[in-house]
Amino acid sequence: VMDQQEKAITSWVEINRGRIEMMPGEEKVVPLTIKVHPNAQAGEYHAFIGMSTESNRPLAEAKTMRGDAEGIILKVTIEDKTTDALRMTSFLVDRFVVTDTNNTISLTLKNEGSKASTPGGEIIFYNSRGEEVASLPVNTDGVTIDPQTEKTFELAVPFDGKLGRFKVNASILYGIDGKSNIFDTAQFYMIPFKLLLMFGLVIVLFSLFVTYLLRRVFYDELHSDDEPGDIPLYVRGDREHTQHDHDIHITKK
């Protein structure tokens, strides 16, 4: 059983297996020591301690293995006082995903328990209609987080060049058989750079067109073909009263 010391109670028990001689009416104390393996799992363990009266050891062991010997059942209970507690301290994604270089998802987990934990799970992407469009596994390398430490996992958004609003859900599993769960959600907008450039170009062209129209309207108002209004002229003091202000007289000298 020495190759299974972590779960074999028979490898933890130490007792004198030599010959014990007893006189009639005599009592003897046989010391029994239990040294539990440091990596033993929590639970109940049982072992049979048999005492057989035979003329030699082989016969005594054979009788004990058949279950014909007197003995006791030894029960060892190992309690699990360790705690497995994982907390998500941050879940960040770029608000606007424009290219495949700014599409990083950052997920930070902190182990607040008393034993190491190896988390798993996945990140699921949904479109604006609530349809699942993609998913990514978390911690595919099986990284273990030690107690009172934290680990940041970085993943890339599956960039497919589609325009829209997306929701991303993180579901992290940990603990025994992955029965404990941590959940968080975030949103982001995917705007391909080429499409963003086209939008910018359209806005610039539209602004130039509006500016051109406004300039045309104001220019036409300033140069209208309607009759002009009265234009005042300054008249010298020696002009006769019968002359109109707009008459021009040229005198040859």
# chains A, B, ... in the order shown; residues from 1 in each chain; ligands from 1
>>> residues_around(residues="Asn16 of chain A", least_positions_apart="3", cutoff="8 Å", atoms="only C-alpha atoms", output="MDAnalysis selection string")
chainID A and resid 30:32
>>> residues_around(residues="Gly18 of chain A", least_positions_apart="5", cutoff="12 Å", atoms="only C-alpha atoms", output="number ranges by chain")
A: 30, 51-52, 56-58, 60-61
>>> residues_around(residues="Thr10 of chain A", least_positions_apart="6", cutoff="12 Å", atoms="only C-alpha atoms", output="JSON, numbers by chain")
{"A": [1, 2, 3, 4, 32, 33, 34, 35, 36, 37, 45, 46, 47, 48, 49, 74, 75, 76]}
>>> residues_around(residues="Lys179 of chain A", least_positions_apart="3", cutoff="12 Å", atoms="only C-alpha atoms", output="ChimeraX atom specification")
/A:84-85,119-121,171-176,182
>>> write_last_selection(atoms="N, CA and C atoms", output="PDB file, in the first residue's frame")
ATOM      1  N   ASP A  84     -12.530  27.154   0.132  1.00  0.00           N
ATOM      2  CA  ASP A  84     -12.287  27.394  -1.285  1.00  0.00           C
ATOM      3  C   ASP A  84     -13.161  28.576  -1.701  1.00  0.00           C
ATOM      4  N   ALA A  85     -12.558  29.750  -1.766  1.00  0.00           N
ATOM      5  CA  ALA A  85     -13.316  30.971  -2.063  1.00  0.00           C
ATOM      6  C   ALA A  85     -12.578  31.778  -3.121  1.00  0.00           C
ATOM      7  N   PRO A 119      -9.257  27.545 -11.449  1.00  0.00           N
ATOM      8  CA  PRO A 119     -10.554  27.894 -12.030  1.00  0.00           C
ATOM      9  C   PRO A 119     -10.660  27.462 -13.484  1.00  0.00           C
ATOM     10  N   GLY A 120     -11.883  27.446 -13.954  1.00  0.00           N
ATOM     11  CA  GLY A 120     -12.183  27.170 -15.357  1.00  0.00           C
ATOM     12  C   GLY A 120     -13.392  27.978 -15.766  1.00  0.00           C
ATOM     13  N   GLY A 121     -14.089  27.532 -16.794  1.00  0.00           N
ATOM     14  CA  GLY A 121     -15.273  28.242 -17.249  1.00  0.00           C
ATOM     15  C   GLY A 121     -15.124  28.767 -18.659  1.00  0.00           C
ATOM     16  N   SER A 171     -18.545  33.276 -17.036  1.00  0.00           N
ATOM     17  CA  SER A 171     -19.005  32.270 -16.084  1.00  0.00           C
ATOM     18  C   SER A 171     -17.793  31.445 -15.654  1.00  0.00           C
ATOM     19  N   ILE A 172     -17.334  31.639 -14.398  1.00  0.00           N
ATOM     20  CA  ILE A 172     -16.132  31.000 -13.890  1.00  0.00           C
ATOM     21  C   ILE A 172     -16.525  29.900 -12.896  1.00  0.00           C
ATOM     22  N   LEU A 173     -15.960  28.716 -13.095  1.00  0.00           N
ATOM     23  CA  LEU A 173     -16.221  27.575 -12.229  1.00  0.00           C
ATOM     24  C   LEU A 173     -14.970  27.254 -11.413  1.00  0.00           C
ATOM     25  N   TYR A 174     -15.165  26.848 -10.149  1.00  0.00           N
ATOM     26  CA  TYR A 174     -14.034  26.473  -9.295  1.00  0.00           C
ATOM     27  C   TYR A 174     -14.554  25.583  -8.178  1.00  0.00           C
ATOM     28  N   GLY A 175     -13.654  25.148  -7.327  1.00  0.00           N
ATOM     29  CA  GLY A 175     -14.050  24.298  -6.211  1.00  0.00           C
ATOM     30  C   GLY A 175     -14.089  22.835  -6.604  1.00  0.00           C
ATOM     31  N   ILE A 176     -14.598  21.996  -5.686  1.00  0.00           N
ATOM     32  CA  ILE A 176     -14.680  20.559  -5.917  1.00  0.00           C
ATOM     33  C   ILE A 176     -15.665  20.277  -7.038  1.00  0.00           C
ATOM     34  N   ILE A 182     -18.832  31.870 -10.403  1.00  0.00           N
ATOM     35  CA  ILE A 182     -18.765  33.339 -10.354  1.00  0.00           C
ATOM     36  C   ILE A 182     -19.267  33.848 -11.702  1.00  0.00           C
TER      37      ILE A 182
END
>>> residues_around(residues="Thr149 of chain A", least_positions_apart="2", cutoff="8 Å", atoms="only C-alpha atoms", output="list of chain:residue names")
A:Lys110, A:Asn111, A:Glu112, A:Ile145, A:Asp146, A:Pro147, A:Lys151
>>> closest_residue(among="A:Ala40, A:Val168, A:Val29, A:Val217", to="Tyr126 of chain A", atoms="only C-alpha atoms")
A:Val168
>>> atom_distance(atom1="atom CA of Ser117 of chain A", atom2="atom CA of Leu155 of chain A")
20.0 Å
>>> residues_around(residues="segment 123-125 of chain A", least_positions_apart="2", cutoff="10 Å", atoms="only C-alpha atoms", output="list of chain:residue names")
A:Ile105, A:Gly121, A:Asn127, A:Gly130, A:Glu131, A:Glu132, A:Val133, A:Ala134, A:Ser135, A:Leu136, A:Pro137, A:Val138, A:Leu155, A:Val157, A:Pro158, A:Phe166, A:Lys167, A:Val168, A:Asn169, A:Ala170, A:Ser171, A:Ile172, A:Phe183, A:Asp184, A:Thr185, A:Ala186, A:Gln187
>>> write_last_selection(atoms="C-alpha atoms", output="compact mmCIF listing (two decimals), in the first residue's frame")
# COMPACT_ATOMS: atom_id res chain seq x y z
CA ILE A 105 -10.70 41.16 -22.32
CA GLY A 121 -15.27 28.24 -17.25
CA ASN A 127 -25.39 40.11 -30.15
CA GLY A 130 -29.61 37.98 -27.51
CA GLU A 131 -28.18 35.32 -29.83
CA GLU A 132 -24.94 33.58 -28.89
CA VAL A 133 -22.29 34.38 -31.50
CA ALA A 134 -19.04 33.10 -29.93
CA SER A 135 -17.42 31.68 -26.78
CA LEU A 136 -13.93 31.42 -25.30
CA PRO A 137 -12.64 28.98 -22.65
CA VAL A 138 -10.92 30.42 -19.58
CA LEU A 155 -8.30 36.95 -23.87
CA VAL A 157 -12.50 39.27 -28.58
CA PRO A 158 -13.24 37.24 -31.72
CA PHE A 166 -22.49 43.02 -28.05
CA LYS A 167 -22.82 41.63 -24.52
CA VAL A 168 -20.19 39.40 -22.95
CA ASN A 169 -20.86 37.08 -20.01
CA ALA A 170 -18.13 35.51 -17.87
CA SER A 171 -19.01 32.27 -16.08
CA ILE A 172 -16.13 31.00 -13.89
CA PHE A 183 -20.68 35.41 -12.89
CA ASP A 184 -20.25 38.87 -14.40
CA THR A 185 -21.28 40.71 -17.57
CA ALA A 186 -20.14 43.65 -19.71
CA GLN A 187 -21.02 45.37 -22.99
>>> atom_distance(atom1="atom CA of Glu122 of chain A", atom2="atom CA of Ile191 of chain A")
24.1 Å
>>> residues_around(residues="Arg95 of chain A", least_positions_apart="2", cutoff="9 Å", atoms="only C-alpha atoms", output="PyMOL selection string")
chain A and resi 92-93+97+187-190
>>> decode(residues="segment 81-97 of chain A", atoms="all heavy atoms", output="PDB file, in the first residue's frame")
ATOM      1  N   LYS A  81     -11.101  21.495   6.944  1.00  0.00           N
ATOM      2  CA  LYS A  81     -11.300  22.839   7.485  1.00  0.00           C
ATOM      3  C   LYS A  81     -10.791  23.924   6.548  1.00  0.00           C
ATOM      4  O   LYS A  81     -10.791  25.099   6.888  1.00  0.00           O
ATOM      5  CB  LYS A  81     -10.591  22.958   8.846  1.00  0.00           C
ATOM      6  CG  LYS A  81     -11.205  22.083   9.923  1.00  0.00           C
ATOM      7  CD  LYS A  81     -10.551  22.329  11.271  1.00  0.00           C
ATOM      8  CE  LYS A  81     -11.213  21.490  12.355  1.00  0.00           C
ATOM      9  NZ  LYS A  81     -10.622  21.721  13.698  1.00  0.00           N
ATOM     10  N   THR A  82     -10.345  23.500   5.383  1.00  0.00           N
ATOM     11  CA  THR A  82      -9.902  24.489   4.400  1.00  0.00           C
ATOM     12  C   THR A  82     -11.105  25.079   3.688  1.00  0.00           C
ATOM     13  O   THR A  82     -12.175  24.470   3.609  1.00  0.00           O
ATOM     14  CB  THR A  82      -8.958  23.845   3.367  1.00  0.00           C
ATOM     15  OG1 THR A  82      -9.662  22.788   2.680  1.00  0.00           O
ATOM     16  CG2 THR A  82      -7.734  23.271   4.043  1.00  0.00           C
ATOM     17  N   THR A  83     -10.942  26.268   3.187  1.00  0.00           N
ATOM     18  CA  THR A  83     -12.012  26.952   2.468  1.00  0.00           C
ATOM     19  C   THR A  83     -11.573  27.228   1.032  1.00  0.00           C
ATOM     20  O   THR A  83     -10.402  27.488   0.762  1.00  0.00           O
ATOM     21  CB  THR A  83     -12.366  28.291   3.145  1.00  0.00           C
ATOM     22  OG1 THR A  83     -11.196  29.106   3.228  1.00  0.00           O
ATOM     23  CG2 THR A  83     -12.916  28.055   4.532  1.00  0.00           C
ATOM     24  N   ASP A  84     -12.530  27.154   0.132  1.00  0.00           N
ATOM     25  CA  ASP A  84     -12.287  27.394  -1.285  1.00  0.00           C
ATOM     26  C   ASP A  84     -13.161  28.576  -1.701  1.00  0.00           C
ATOM     27  O   ASP A  84     -14.364  28.426  -1.898  1.00  0.00           O
ATOM     28  CB  ASP A  84     -12.636  26.152  -2.097  1.00  0.00           C
ATOM     29  CG  ASP A  84     -12.017  26.180  -3.485  1.00  0.00           C
ATOM     30  OD1 ASP A  84     -11.530  27.251  -3.880  1.00  0.00           O
ATOM     31  OD2 ASP A  84     -12.031  25.140  -4.163  1.00  0.00           O
ATOM     32  N   ALA A  85     -12.558  29.750  -1.766  1.00  0.00           N
ATOM     33  CA  ALA A  85     -13.316  30.971  -2.063  1.00  0.00           C
ATOM     34  C   ALA A  85     -12.578  31.778  -3.121  1.00  0.00           C
ATOM     35  O   ALA A  85     -11.458  32.233  -2.896  1.00  0.00           O
ATOM     36  CB  ALA A  85     -13.522  31.801  -0.806  1.00  0.00           C
ATOM     37  N   LEU A  86     -13.222  31.955  -4.257  1.00  0.00           N
ATOM     38  CA  LEU A  86     -12.638  32.708  -5.367  1.00  0.00           C
ATOM     39  C   LEU A  86     -13.536  33.908  -5.664  1.00  0.00           C
ATOM     40  O   LEU A  86     -14.767  33.780  -5.651  1.00  0.00           O
ATOM     41  CB  LEU A  86     -12.522  31.812  -6.601  1.00  0.00           C
ATOM     42  CG  LEU A  86     -11.379  32.104  -7.591  1.00  0.00           C
ATOM     43  CD1 LEU A  86     -10.036  31.920  -6.895  1.00  0.00           C
ATOM     44  CD2 LEU A  86     -11.467  31.178  -8.783  1.00  0.00           C
ATOM     45  N   ARG A  87     -12.929  35.046  -5.908  1.00  0.00           N
ATOM     46  CA  ARG A  87     -13.697  36.273  -6.186  1.00  0.00           C
ATOM     47  C   ARG A  87     -13.154  36.960  -7.433  1.00  0.00           C
ATOM     48  O   ARG A  87     -11.940  37.016  -7.651  1.00  0.00           O
ATOM     49  CB  ARG A  87     -13.630  37.233  -4.997  1.00  0.00           C
ATOM     50  CG  ARG A  87     -14.470  38.496  -5.161  1.00  0.00           C
ATOM     51  CD  ARG A  87     -14.565  39.241  -3.847  1.00  0.00           C
ATOM     52  NE  ARG A  87     -13.288  39.735  -3.401  1.00  0.00           N
ATOM     53  CZ  ARG A  87     -12.811  40.962  -3.690  1.00  0.00           C
ATOM     54  NH1 ARG A  87     -13.531  41.785  -4.437  1.00  0.00           N
ATOM     55  NH2 ARG A  87     -11.633  41.339  -3.245  1.00  0.00           N
ATOM     56  N   MET A  88     -14.077  37.472  -8.254  1.00  0.00           N
ATOM     57  CA  MET A  88     -13.691  38.201  -9.451  1.00  0.00           C
ATOM     58  C   MET A  88     -13.559  39.681  -9.091  1.00  0.00           C
ATOM     59  O   MET A  88     -14.534  40.357  -8.774  1.00  0.00           O
ATOM     60  CB  MET A  88     -14.732  38.018 -10.566  1.00  0.00           C
ATOM     61  CG  MET A  88     -14.312  38.582 -11.912  1.00  0.00           C
ATOM     62  SD  MET A  88     -15.601  38.407 -13.190  1.00  0.00           S
ATOM     63  CE  MET A  88     -15.925  36.654 -13.125  1.00  0.00           C
ATOM     64  N   THR A  89     -12.331  40.181  -9.122  1.00  0.00           N
ATOM     65  CA  THR A  89     -12.091  41.567  -8.721  1.00  0.00           C
ATOM     66  C   THR A  89     -12.262  42.551  -9.872  1.00  0.00           C
ATOM     67  O   THR A  89     -12.508  43.736  -9.634  1.00  0.00           O
ATOM     68  CB  THR A  89     -10.682  41.712  -8.129  1.00  0.00           C
ATOM     69  OG1 THR A  89      -9.710  41.282  -9.100  1.00  0.00           O
ATOM     70  CG2 THR A  89     -10.538  40.859  -6.880  1.00  0.00           C
ATOM     71  N   SER A  90     -12.113  42.100 -11.104  1.00  0.00           N
ATOM     72  CA  SER A  90     -12.321  42.998 -12.237  1.00  0.00           C
ATOM     73  C   SER A  90     -12.637  42.181 -13.491  1.00  0.00           C
ATOM     74  O   SER A  90     -12.148  41.062 -13.655  1.00  0.00           O
ATOM     75  CB  SER A  90     -11.089  43.880 -12.493  1.00  0.00           C
ATOM     76  OG  SER A  90     -10.002  43.106 -12.972  1.00  0.00           O
ATOM     77  N   PHE A  91     -13.475  42.791 -14.336  1.00  0.00           N
ATOM     78  CA  PHE A  91     -13.838  42.186 -15.620  1.00  0.00           C
ATOM     79  C   PHE A  91     -13.972  43.336 -16.623  1.00  0.00           C
ATOM     80  O   PHE A  91     -14.965  44.047 -16.633  1.00  0.00           O
ATOM     81  CB  PHE A  91     -15.149  41.412 -15.497  1.00  0.00           C
ATOM     82  CG  PHE A  91     -15.579  40.741 -16.769  1.00  0.00           C
ATOM     83  CD1 PHE A  91     -14.697  39.947 -17.488  1.00  0.00           C
ATOM     84  CD2 PHE A  91     -16.863  40.905 -17.248  1.00  0.00           C
ATOM     85  CE1 PHE A  91     -15.085  39.330 -18.651  1.00  0.00           C
ATOM     86  CE2 PHE A  91     -17.268  40.300 -18.414  1.00  0.00           C
ATOM     87  CZ  PHE A  91     -16.373  39.501 -19.116  1.00  0.00           C
ATOM     88  N   LEU A  92     -12.922  43.538 -17.434  1.00  0.00           N
ATOM     89  CA  LEU A  92     -12.830  44.710 -18.284  1.00  0.00           C
ATOM     90  C   LEU A  92     -12.759  44.298 -19.751  1.00  0.00           C
ATOM     91  O   LEU A  92     -12.105  43.314 -20.103  1.00  0.00           O
ATOM     92  CB  LEU A  92     -11.592  45.543 -17.927  1.00  0.00           C
ATOM     93  CG  LEU A  92     -11.477  46.015 -16.472  1.00  0.00           C
ATOM     94  CD1 LEU A  92     -10.143  46.713 -16.259  1.00  0.00           C
ATOM     95  CD2 LEU A  92     -12.633  46.931 -16.120  1.00  0.00           C
ATOM     96  N   VAL A  93     -13.433  45.083 -20.591  1.00  0.00           N
ATOM     97  CA  VAL A  93     -13.362  44.897 -22.040  1.00  0.00           C
ATOM     98  C   VAL A  93     -13.382  46.278 -22.682  1.00  0.00           C
ATOM     99  O   VAL A  93     -14.037  47.202 -22.170  1.00  0.00           O
ATOM    100  CB  VAL A  93     -14.550  44.041 -22.541  1.00  0.00           C
ATOM    101  CG1 VAL A  93     -15.874  44.664 -22.190  1.00  0.00           C
ATOM    102  CG2 VAL A  93     -14.443  43.803 -24.048  1.00  0.00           C
ATOM    103  N   ASP A  94     -12.623  46.463 -23.756  1.00  0.00           N
ATOM    104  CA  ASP A  94     -12.600  47.753 -24.451  1.00  0.00           C
ATOM    105  C   ASP A  94     -14.009  48.160 -24.844  1.00  0.00           C
ATOM    106  O   ASP A  94     -14.764  47.361 -25.411  1.00  0.00           O
ATOM    107  CB  ASP A  94     -11.710  47.679 -25.683  1.00  0.00           C
ATOM    108  CG  ASP A  94     -10.246  47.517 -25.314  1.00  0.00           C
ATOM    109  OD1 ASP A  94      -9.860  48.011 -24.242  1.00  0.00           O
ATOM    110  OD2 ASP A  94      -9.493  46.903 -26.091  1.00  0.00           O
ATOM    111  N   ARG A  95     -14.364  49.417 -24.540  1.00  0.00           N
ATOM    112  CA  ARG A  95     -15.727  49.881 -24.809  1.00  0.00           C
ATOM    113  C   ARG A  95     -16.043  49.867 -26.297  1.00  0.00           C
ATOM    114  O   ARG A  95     -17.138  49.492 -26.711  1.00  0.00           O
ATOM    115  CB  ARG A  95     -15.896  51.297 -24.243  1.00  0.00           C
ATOM    116  CG  ARG A  95     -17.311  51.836 -24.308  1.00  0.00           C
ATOM    117  CD  ARG A  95     -18.244  51.063 -23.416  1.00  0.00           C
ATOM    118  NE  ARG A  95     -19.562  51.665 -23.345  1.00  0.00           N
ATOM    119  CZ  ARG A  95     -20.593  51.132 -22.716  1.00  0.00           C
ATOM    120  NH1 ARG A  95     -20.460  49.976 -22.107  1.00  0.00           N
ATOM    121  NH2 ARG A  95     -21.757  51.729 -22.682  1.00  0.00           N
ATOM    122  N   PHE A  96     -15.066  50.297 -27.099  1.00  0.00           N
ATOM    123  CA  PHE A  96     -15.237  50.310 -28.548  1.00  0.00           C
ATOM    124  C   PHE A  96     -14.134  49.459 -29.164  1.00  0.00           C
ATOM    125  O   PHE A  96     -12.952  49.776 -29.027  1.00  0.00           O
ATOM    126  CB  PHE A  96     -15.191  51.737 -29.099  1.00  0.00           C
ATOM    127  CG  PHE A  96     -16.325  52.617 -28.624  1.00  0.00           C
ATOM    128  CD1 PHE A  96     -16.161  53.451 -27.520  1.00  0.00           C
ATOM    129  CD2 PHE A  96     -17.549  52.595 -29.263  1.00  0.00           C
ATOM    130  CE1 PHE A  96     -17.188  54.247 -27.066  1.00  0.00           C
ATOM    131  CE2 PHE A  96     -18.597  53.396 -28.821  1.00  0.00           C
ATOM    132  CZ  PHE A  96     -18.420  54.221 -27.720  1.00  0.00           C
ATOM    133  N   VAL A  97     -14.517  48.405 -29.817  1.00  0.00           N
ATOM    134  CA  VAL A  97     -13.574  47.526 -30.512  1.00  0.00           C
ATOM    135  C   VAL A  97     -13.532  47.957 -31.970  1.00  0.00           C
ATOM    136  O   VAL A  97     -14.503  47.792 -32.715  1.00  0.00           O
ATOM    137  CB  VAL A  97     -13.995  46.054 -30.385  1.00  0.00           C
ATOM    138  CG1 VAL A  97     -13.062  45.161 -31.182  1.00  0.00           C
ATOM    139  CG2 VAL A  97     -14.008  45.647 -28.921  1.00  0.00           C
TER     140      VAL A  97
END
